[in-house]
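For reference, coords-v3.tsv (TSV, N, CA and C atoms):
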```
chain	number	residue	atom	x	y	z
A	1343	TRP	N	-79.90	-114.76	313.48
A	1343	TRP	CA	-79.71	-116.04	314.11
A	1343	TRP	C	-79.09	-115.80	315.46
A	1344	ASN	N	-79.64	-116.43	316.48
A	1344	ASN	CA	-79.10	-116.30	317.83
A	1344	ASN	C	-79.08	-117.68	318.48
A	1345	GLY	N	-77.90	-118.23	318.65
A	1345	GLY	CA	-77.74	-119.49	319.37
A	1345	GLY	C	-77.40	-120.66	318.47
A	1346	PRO	N	-76.26	-121.31	318.72
A	1346	PRO	CA	-75.87	-122.49	317.94
A	1346	PRO	C	-76.83	-123.66	318.17
A	1347	MET	N	-76.80	-124.61	317.27
A	1347	MET	CA	-77.68	-125.77	317.33
A	1347	MET	C	-77.04	-126.94	318.06
A	1348	GLY	N	-76.39	-126.71	319.15
A	1348	GLY	CA	-75.72	-127.77	319.89
A	1348	GLY	C	-74.28	-127.41	320.15
A	1349	MET	N	-73.49	-128.42	320.45
A	1349	MET	CA	-72.07	-128.21	320.77
A	1349	MET	C	-71.27	-128.04	319.48
A	1350	PHE	N	-71.26	-126.82	318.94
A	1350	PHE	CA	-70.61	-126.57	317.67
A	1350	PHE	C	-69.10	-126.77	317.73
A	1351	GLU	N	-68.55	-126.83	318.93
A	1351	GLU	CA	-67.10	-126.99	319.08
A	1351	GLU	C	-66.64	-128.43	318.88
A	1352	VAL	N	-67.58	-129.38	318.93
A	1352	VAL	CA	-67.22	-130.80	318.94
A	1352	VAL	C	-67.91	-131.56	317.80
A	1353	PRO	N	-67.12	-132.02	316.80
A	1353	PRO	CA	-67.71	-132.89	315.78
A	1353	PRO	C	-68.16	-134.20	316.42
A	1354	PRO	N	-69.19	-134.82	316.00
A	1354	PRO	CA	-70.10	-134.50	314.91
A	1354	PRO	C	-71.27	-133.60	315.34
A	1355	PHE	N	-71.22	-133.09	316.59
A	1355	PHE	CA	-72.32	-132.29	317.11
A	1355	PHE	C	-72.38	-130.90	316.49
A	1356	ASP	N	-71.42	-130.58	315.65
A	1356	ASP	CA	-71.37	-129.27	314.99
A	1356	ASP	C	-72.19	-129.23	313.70
A	1357	GLN	N	-72.70	-130.36	313.26
A	1357	GLN	CA	-73.36	-130.43	311.95
A	1357	GLN	C	-74.57	-129.51	311.83
A	1358	GLY	N	-75.42	-129.47	312.84
A	1358	GLY	CA	-76.61	-128.62	312.77
A	1358	GLY	C	-76.24	-127.15	312.66
A	1359	THR	N	-75.29	-126.72	313.49
A	1359	THR	CA	-74.84	-125.33	313.45
A	1359	THR	C	-74.19	-125.02	312.11
A	1360	ASN	N	-73.37	-125.93	311.61
A	1360	ASN	CA	-72.72	-125.72	310.31
A	1360	ASN	C	-73.74	-125.56	309.19
A	1361	LEU	N	-74.77	-126.39	309.19
A	1361	LEU	CA	-75.79	-126.32	308.14
A	1361	LEU	C	-76.58	-125.01	308.21
A	1362	VAL	N	-76.93	-124.59	309.41
A	1362	VAL	CA	-77.66	-123.33	309.56
A	1362	VAL	C	-76.79	-122.16	309.13
A	1363	ALA	N	-75.53	-122.15	309.57
A	1363	ALA	CA	-74.61	-121.07	309.21
A	1363	ALA	C	-74.41	-121.00	307.70
A	1364	GLN	N	-74.25	-122.14	307.06
A	1364	GLN	CA	-74.05	-122.16	305.61
A	1364	GLN	C	-75.31	-121.69	304.88
A	1365	ALA	N	-76.48	-122.08	305.39
A	1365	ALA	CA	-77.73	-121.64	304.77
A	1365	ALA	C	-77.89	-120.12	304.88
A	1366	ILE	N	-77.49	-119.56	306.01
A	1366	ILE	CA	-77.57	-118.11	306.19
A	1366	ILE	C	-76.59	-117.41	305.25
A	1367	ALA	N	-75.38	-117.94	305.15
A	1367	ALA	CA	-74.38	-117.36	304.23
A	1367	ALA	C	-74.88	-117.44	302.79
A	1368	ASP	N	-75.48	-118.56	302.41
A	1368	ASP	CA	-76.02	-118.71	301.06
A	1368	ASP	C	-77.15	-117.70	300.80
A	1369	ALA	N	-78.04	-117.54	301.78
A	1369	ALA	CA	-79.14	-116.58	301.62
A	1369	ALA	C	-78.59	-115.16	301.48
A	1370	THR	N	-77.54	-114.85	302.24
A	1370	THR	CA	-76.92	-113.53	302.16
A	1370	THR	C	-76.34	-113.30	300.77
A	1371	SER	N	-75.73	-114.33	300.20
A	1371	SER	CA	-75.15	-114.19	298.86
A	1371	SER	C	-76.22	-113.96	297.80
A	1372	HIS	N	-77.47	-114.28	298.13
A	1372	HIS	CA	-78.59	-114.07	297.20
A	1372	HIS	C	-79.39	-112.82	297.56
A	1373	GLY	N	-78.81	-111.94	298.39
A	1373	GLY	CA	-79.45	-110.66	298.66
A	1373	GLY	C	-80.12	-110.49	300.00
A	1374	ALA	N	-80.19	-111.54	300.81
A	1374	ALA	CA	-80.81	-111.42	302.13
A	1374	ALA	C	-79.89	-110.65	303.07
A	1375	THR	N	-80.48	-109.96	304.02
A	1375	THR	CA	-79.71	-109.33	305.09
A	1375	THR	C	-79.69	-110.29	306.26
A	1376	SER	N	-78.50	-110.60	306.76
A	1376	SER	CA	-78.37	-111.56	307.85
A	1376	SER	C	-77.72	-110.91	309.06
A	1377	VAL	N	-78.26	-111.26	310.23
A	1377	VAL	CA	-77.73	-110.75	311.49
A	1377	VAL	C	-77.45	-111.95	312.39
A	1378	ILE	N	-76.20	-112.09	312.79
A	1378	ILE	CA	-75.79	-113.15	313.70
A	1378	ILE	C	-75.61	-112.50	315.06
A	1379	GLY	N	-76.33	-112.98	316.09
A	1379	GLY	CA	-76.27	-112.37	317.40
A	1379	GLY	C	-75.91	-113.36	318.49
A	1380	GLY	N	-75.08	-112.91	319.41
A	1380	GLY	CA	-74.70	-113.73	320.56
A	1380	GLY	C	-73.28	-114.22	320.45
A	1381	GLY	N	-72.63	-114.33	321.59
A	1381	GLY	CA	-71.22	-114.73	321.62
A	1381	GLY	C	-70.96	-116.10	321.03
A	1382	ASP	N	-71.80	-117.08	321.35
A	1382	ASP	CA	-71.59	-118.43	320.82
A	1382	ASP	C	-71.83	-118.48	319.32
A	1383	SER	N	-72.86	-117.80	318.85
A	1383	SER	CA	-73.12	-117.77	317.40
A	1383	SER	C	-72.01	-117.05	316.66
A	1384	ALA	N	-71.53	-115.95	317.24
A	1384	ALA	CA	-70.41	-115.22	316.63
A	1384	ALA	C	-69.17	-116.09	316.57
A	1385	ALA	N	-68.90	-116.84	317.64
A	1385	ALA	CA	-67.75	-117.74	317.65
A	1385	ALA	C	-67.90	-118.85	316.63
A	1386	ALA	N	-69.11	-119.39	316.51
A	1386	ALA	CA	-69.36	-120.47	315.55
A	1386	ALA	C	-69.16	-120.00	314.12
A	1387	ILE	N	-69.71	-118.85	313.78
A	1387	ILE	CA	-69.61	-118.35	312.40
A	1387	ILE	C	-68.16	-118.02	312.06
A	1388	GLN	N	-67.43	-117.52	313.07
A	1388	GLN	CA	-66.00	-117.22	312.89
A	1388	GLN	C	-65.21	-118.51	312.69
A	1389	GLN	N	-65.49	-119.51	313.51
A	1389	GLN	CA	-64.80	-120.80	313.44
A	1389	GLN	C	-64.98	-121.45	312.07
A	1390	MET	N	-66.15	-121.26	311.47
A	1390	MET	CA	-66.44	-121.85	310.17
A	1390	MET	C	-65.92	-121.01	309.01
A	1391	GLY	N	-65.37	-119.85	309.31
A	1391	GLY	CA	-64.84	-118.99	308.26
A	1391	GLY	C	-65.91	-118.29	307.44
A	1392	LEU	N	-67.08	-118.11	308.02
A	1392	LEU	CA	-68.20	-117.52	307.28
A	1392	LEU	C	-68.55	-116.10	307.73
A	1393	SER	N	-67.80	-115.53	308.65
A	1393	SER	CA	-68.17	-114.22	309.18
A	1393	SER	C	-68.16	-113.13	308.12
A	1394	GLU	N	-67.35	-113.28	307.09
A	1394	GLU	CA	-67.32	-112.28	306.01
A	1394	GLU	C	-68.42	-112.52	304.98
A	1395	LYS	N	-69.18	-113.61	305.14
A	1395	LYS	CA	-70.22	-113.94	304.16
A	1395	LYS	C	-71.63	-113.66	304.69
A	1396	VAL	N	-71.71	-112.98	305.84
A	1396	VAL	CA	-73.00	-112.58	306.40
A	1396	VAL	C	-72.98	-111.06	306.57
A	1397	SER	N	-74.15	-110.47	306.76
A	1397	SER	CA	-74.24	-109.01	306.81
A	1397	SER	C	-73.67	-108.41	308.08
A	1398	HIS	N	-73.99	-108.99	309.24
A	1398	HIS	CA	-73.57	-108.40	310.50
A	1398	HIS	C	-73.40	-109.48	311.56
A	1399	VAL	N	-72.33	-109.38	312.34
A	1399	VAL	CA	-72.09	-110.28	313.46
A	1399	VAL	C	-71.96	-109.44	314.72
A	1400	SER	N	-72.74	-109.79	315.75
A	1400	SER	CA	-72.71	-109.07	317.02
A	1400	SER	C	-72.60	-110.07	318.16
A	1401	THR	N	-71.78	-109.74	319.16
A	1401	THR	CA	-71.69	-110.61	320.33
A	1401	THR	C	-72.82	-110.35	321.31
A	1402	GLY	N	-73.59	-109.30	321.09
A	1402	GLY	CA	-74.72	-108.98	321.97
A	1402	GLY	C	-75.93	-109.82	321.63
A	1403	GLY	N	-76.18	-110.87	322.35
A	1403	GLY	CA	-77.30	-111.76	322.06
A	1403	GLY	C	-78.64	-111.19	322.47
A	1404	GLY	N	-78.94	-111.27	323.77
A	1404	GLY	CA	-80.23	-110.79	324.27
A	1404	GLY	C	-80.44	-109.31	324.04
A	1405	ALA	N	-79.40	-108.52	324.21
A	1405	ALA	CA	-79.51	-107.08	323.99
A	1405	ALA	C	-79.80	-106.77	322.53
A	1406	SER	N	-79.17	-107.50	321.62
A	1406	SER	CA	-79.42	-107.29	320.19
A	1406	SER	C	-80.87	-107.62	319.84
A	1407	LEU	N	-81.37	-108.71	320.39
A	1407	LEU	CA	-82.76	-109.09	320.12
A	1407	LEU	C	-83.72	-108.04	320.67
A	1408	ALA	N	-83.44	-107.54	321.87
A	1408	ALA	CA	-84.30	-106.51	322.46
A	1408	ALA	C	-84.30	-105.25	321.61
A	1409	MET	N	-83.14	-104.87	321.08
A	1409	MET	CA	-83.07	-103.67	320.25
A	1409	MET	C	-83.86	-103.88	318.95
A	1410	LEU	N	-83.73	-105.07	318.35
A	1410	LEU	CA	-84.49	-105.36	317.13
A	1410	LEU	C	-85.99	-105.33	317.38
A	1411	GLU	N	-86.39	-105.67	318.62
A	1411	GLU	CA	-87.81	-105.63	318.99
A	1411	GLU	C	-88.30	-104.21	319.20
A	1412	GLY	N	-87.37	-103.25	319.25
A	1412	GLY	CA	-87.75	-101.86	319.45
A	1412	GLY	C	-87.77	-101.41	320.89
A	1413	LYS	N	-87.22	-102.21	321.79
A	1413	LYS	CA	-87.18	-101.82	323.19
A	1413	LYS	C	-86.21	-100.67	323.41
A	1414	ALA	N	-86.55	-99.83	324.37
A	1414	ALA	CA	-85.73	-98.65	324.67
A	1414	ALA	C	-84.56	-99.02	325.59
A	1415	PHE	N	-83.44	-98.36	325.38
A	1415	PHE	CA	-82.26	-98.51	326.22
A	1415	PHE	C	-81.91	-97.13	326.77
A	1416	ALA	N	-81.85	-97.00	328.08
A	1416	ALA	CA	-81.59	-95.70	328.70
A	1416	ALA	C	-80.29	-95.09	328.19
A	1417	ALA	N	-79.24	-95.89	328.07
A	1417	ALA	CA	-77.95	-95.37	327.62
A	1417	ALA	C	-78.02	-94.86	326.18
A	1418	VAL	N	-78.76	-95.55	325.34
A	1418	VAL	CA	-78.91	-95.12	323.94
A	1418	VAL	C	-79.75	-93.85	323.87
A	1419	GLU	N	-80.78	-93.77	324.69
A	1419	GLU	CA	-81.62	-92.57	324.71
A	1419	GLU	C	-80.82	-91.34	325.12
A	1420	LEU	N	-79.85	-91.50	326.01
A	1420	LEU	CA	-78.99	-90.38	326.40
A	1420	LEU	C	-78.18	-89.86	325.22
A	1421	LEU	N	-77.83	-90.73	324.30
A	1421	LEU	CA	-77.05	-90.33	323.13
A	1421	LEU	C	-77.90	-89.53	322.13
A	1422	ASP	N	-79.21	-89.77	322.16
A	1422	ASP	CA	-80.10	-89.05	321.24
A	1422	ASP	C	-80.26	-87.66	321.73
```

Kindly transcribe the structure held in the file into structure tokens.
Amino acid sequence: WNGPMGMFEVPPFDQGTNLVAQAIADATSHGATSVIGGGDSAAAIQQMGLSEKVSHVSTGGGASLAMLEGKAFAAVELLD
């Protein structure tokens, strides 16, 4: 998941983000692997107290998505 569903900091606009976050946490509890990416999504999941109920939380939004797509990173290639 990358990107909150609106202004998660302000009720009642947090409802969409809360529902998505809870659904991801529920899926994780049933065996799914979940990846939360991006600073706002990481902040939202932390604010809701669900960060320990998902598989992985990363503040790297666009970079995380690019890596999942299999794109090369020069700095990572240097480590190989």

### Query
Between A:Ala1386, A:Val1377, A:Ala1405, A:Ala1367, which one has atoms that come closest to Pro1346 in chain A, using only N, CA and C atoms?
A:Ala1386

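Between atom N of Ala1385 in chain A and atom N of Ala1414 in chain A the separation is 25.4 Å.
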
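Selecting strand (DSSP E or B) from the backbone DSSP output for chain A yields A:Asn1344, A:Val1377, A:Ile1378, A:Gly1379, A:His1398, A:Val1399, A:Ser1400.
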
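Atom N of Gly1404 in chain A sits 21.6 Å away from atom N of Gly1391 in chain A.
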
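Counting from CA of Leu1407 in chain A, the distance to CA of Asp1356 in chain A is 23.7 Å.
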
### Task
Name all residues at most 12 Å from Leu1361 in chain A (count only C-alpha atoms; drop same-chain ones fewer than 3 positions away) and give them as an NGL selection string.
:A and (1346-1348 or 1350 or 1355-1358 or 1364-1368 or 1386-1387 or 1390 or 1392)

### Filtered DSSP result for chain A, state helix (DSSP H, G or I), as a ChimeraX atom specification
/A:1357-1371,1381-1389,1393-1395,1404-1410,1416-1421

Keeping only N, CA and C atoms, write the selected residues to a file as a CSV table (one decimal), in the coordinates of the input.
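This is the output file out-v3.csv:
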```csv
chain,number,residue,atom,x,y,z
A,1357,GLN,N,-72.7,-130.4,313.3
A,1357,GLN,CA,-73.4,-130.4,312.0
A,1357,GLN,C,-74.6,-129.5,311.8
A,1358,GLY,N,-75.4,-129.5,312.8
A,1358,GLY,CA,-76.6,-128.6,312.8
A,1358,GLY,C,-76.2,-127.2,312.7
A,1359,THR,N,-75.3,-126.7,313.5
A,1359,THR,CA,-74.8,-125.3,313.4
A,1359,THR,C,-74.2,-125.0,312.1
A,1360,ASN,N,-73.4,-125.9,311.6
A,1360,ASN,CA,-72.7,-125.7,310.3
A,1360,ASN,C,-73.7,-125.6,309.2
A,1361,LEU,N,-74.8,-126.4,309.2
A,1361,LEU,CA,-75.8,-126.3,308.1
A,1361,LEU,C,-76.6,-125.0,308.2
A,1362,VAL,N,-76.9,-124.6,309.4
A,1362,VAL,CA,-77.7,-123.3,309.6
A,1362,VAL,C,-76.8,-122.2,309.1
A,1363,ALA,N,-75.5,-122.2,309.6
A,1363,ALA,CA,-74.6,-121.1,309.2
A,1363,ALA,C,-74.4,-121.0,307.7
A,1364,GLN,N,-74.2,-122.1,307.1
A,1364,GLN,CA,-74.0,-122.2,305.6
A,1364,GLN,C,-75.3,-121.7,304.9
A,1365,ALA,N,-76.5,-122.1,305.4
A,1365,ALA,CA,-77.7,-121.6,304.8
A,1365,ALA,C,-77.9,-120.1,304.9
A,1366,ILE,N,-77.5,-119.6,306.0
A,1366,ILE,CA,-77.6,-118.1,306.2
A,1366,ILE,C,-76.6,-117.4,305.2
A,1367,ALA,N,-75.4,-117.9,305.2
A,1367,ALA,CA,-74.4,-117.4,304.2
A,1367,ALA,C,-74.9,-117.4,302.8
A,1368,ASP,N,-75.5,-118.6,302.4
A,1368,ASP,CA,-76.0,-118.7,301.1
A,1368,ASP,C,-77.2,-117.7,300.8
A,1369,ALA,N,-78.0,-117.5,301.8
A,1369,ALA,CA,-79.1,-116.6,301.6
A,1369,ALA,C,-78.6,-115.2,301.5
A,1370,THR,N,-77.5,-114.8,302.2
A,1370,THR,CA,-76.9,-113.5,302.2
A,1370,THR,C,-76.3,-113.3,300.8
A,1371,SER,N,-75.7,-114.3,300.2
A,1371,SER,CA,-75.2,-114.2,298.9
A,1371,SER,C,-76.2,-114.0,297.8
A,1381,GLY,N,-72.6,-114.3,321.6
A,1381,GLY,CA,-71.2,-114.7,321.6
A,1381,GLY,C,-71.0,-116.1,321.0
A,1382,ASP,N,-71.8,-117.1,321.4
A,1382,ASP,CA,-71.6,-118.4,320.8
A,1382,ASP,C,-71.8,-118.5,319.3
A,1383,SER,N,-72.9,-117.8,318.8
A,1383,SER,CA,-73.1,-117.8,317.4
A,1383,SER,C,-72.0,-117.0,316.7
A,1384,ALA,N,-71.5,-116.0,317.2
A,1384,ALA,CA,-70.4,-115.2,316.6
A,1384,ALA,C,-69.2,-116.1,316.6
A,1385,ALA,N,-68.9,-116.8,317.6
A,1385,ALA,CA,-67.8,-117.7,317.6
A,1385,ALA,C,-67.9,-118.8,316.6
A,1386,ALA,N,-69.1,-119.4,316.5
A,1386,ALA,CA,-69.4,-120.5,315.6
A,1386,ALA,C,-69.2,-120.0,314.1
A,1387,ILE,N,-69.7,-118.8,313.8
A,1387,ILE,CA,-69.6,-118.4,312.4
A,1387,ILE,C,-68.2,-118.0,312.1
A,1388,GLN,N,-67.4,-117.5,313.1
A,1388,GLN,CA,-66.0,-117.2,312.9
A,1388,GLN,C,-65.2,-118.5,312.7
A,1389,GLN,N,-65.5,-119.5,313.5
A,1389,GLN,CA,-64.8,-120.8,313.4
A,1389,GLN,C,-65.0,-121.4,312.1
A,1393,SER,N,-67.8,-115.5,308.6
A,1393,SER,CA,-68.2,-114.2,309.2
A,1393,SER,C,-68.2,-113.1,308.1
A,1394,GLU,N,-67.4,-113.3,307.1
A,1394,GLU,CA,-67.3,-112.3,306.0
A,1394,GLU,C,-68.4,-112.5,305.0
A,1395,LYS,N,-69.2,-113.6,305.1
A,1395,LYS,CA,-70.2,-113.9,304.2
A,1395,LYS,C,-71.6,-113.7,304.7
A,1404,GLY,N,-78.9,-111.3,323.8
A,1404,GLY,CA,-80.2,-110.8,324.3
A,1404,GLY,C,-80.4,-109.3,324.0
A,1405,ALA,N,-79.4,-108.5,324.2
A,1405,ALA,CA,-79.5,-107.1,324.0
A,1405,ALA,C,-79.8,-106.8,322.5
A,1406,SER,N,-79.2,-107.5,321.6
A,1406,SER,CA,-79.4,-107.3,320.2
A,1406,SER,C,-80.9,-107.6,319.8
A,1407,LEU,N,-81.4,-108.7,320.4
A,1407,LEU,CA,-82.8,-109.1,320.1
A,1407,LEU,C,-83.7,-108.0,320.7
A,1408,ALA,N,-83.4,-107.5,321.9
A,1408,ALA,CA,-84.3,-106.5,322.5
A,1408,ALA,C,-84.3,-105.2,321.6
A,1409,MET,N,-83.1,-104.9,321.1
A,1409,MET,CA,-83.1,-103.7,320.2
A,1409,MET,C,-83.9,-103.9,319.0
A,1410,LEU,N,-83.7,-105.1,318.4
A,1410,LEU,CA,-84.5,-105.4,317.1
A,1410,LEU,C,-86.0,-105.3,317.4
A,1416,ALA,N,-81.8,-97.0,328.1
A,1416,ALA,CA,-81.6,-95.7,328.7
A,1416,ALA,C,-80.3,-95.1,328.2
A,1417,ALA,N,-79.2,-95.9,328.1
A,1417,ALA,CA,-78.0,-95.4,327.6
A,1417,ALA,C,-78.0,-94.9,326.2
A,1418,VAL,N,-78.8,-95.6,325.3
A,1418,VAL,CA,-78.9,-95.1,323.9
A,1418,VAL,C,-79.8,-93.8,323.9
A,1419,GLU,N,-80.8,-93.8,324.7
A,1419,GLU,CA,-81.6,-92.6,324.7
A,1419,GLU,C,-80.8,-91.3,325.1
A,1420,LEU,N,-79.8,-91.5,326.0
A,1420,LEU,CA,-79.0,-90.4,326.4
A,1420,LEU,C,-78.2,-89.9,325.2
A,1421,LEU,N,-77.8,-90.7,324.3
A,1421,LEU,CA,-77.0,-90.3,323.1
A,1421,LEU,C,-77.9,-89.5,322.1
```

### Task
Quick one: residues within 12 Å of (-69.2, -116.4, 319.3) (file frame), counting only C-alpha atoms, please, as a PyMOL selection string.
chain A and resi 1343-1346+1350-1351+1378-1390+1393+1399-1403
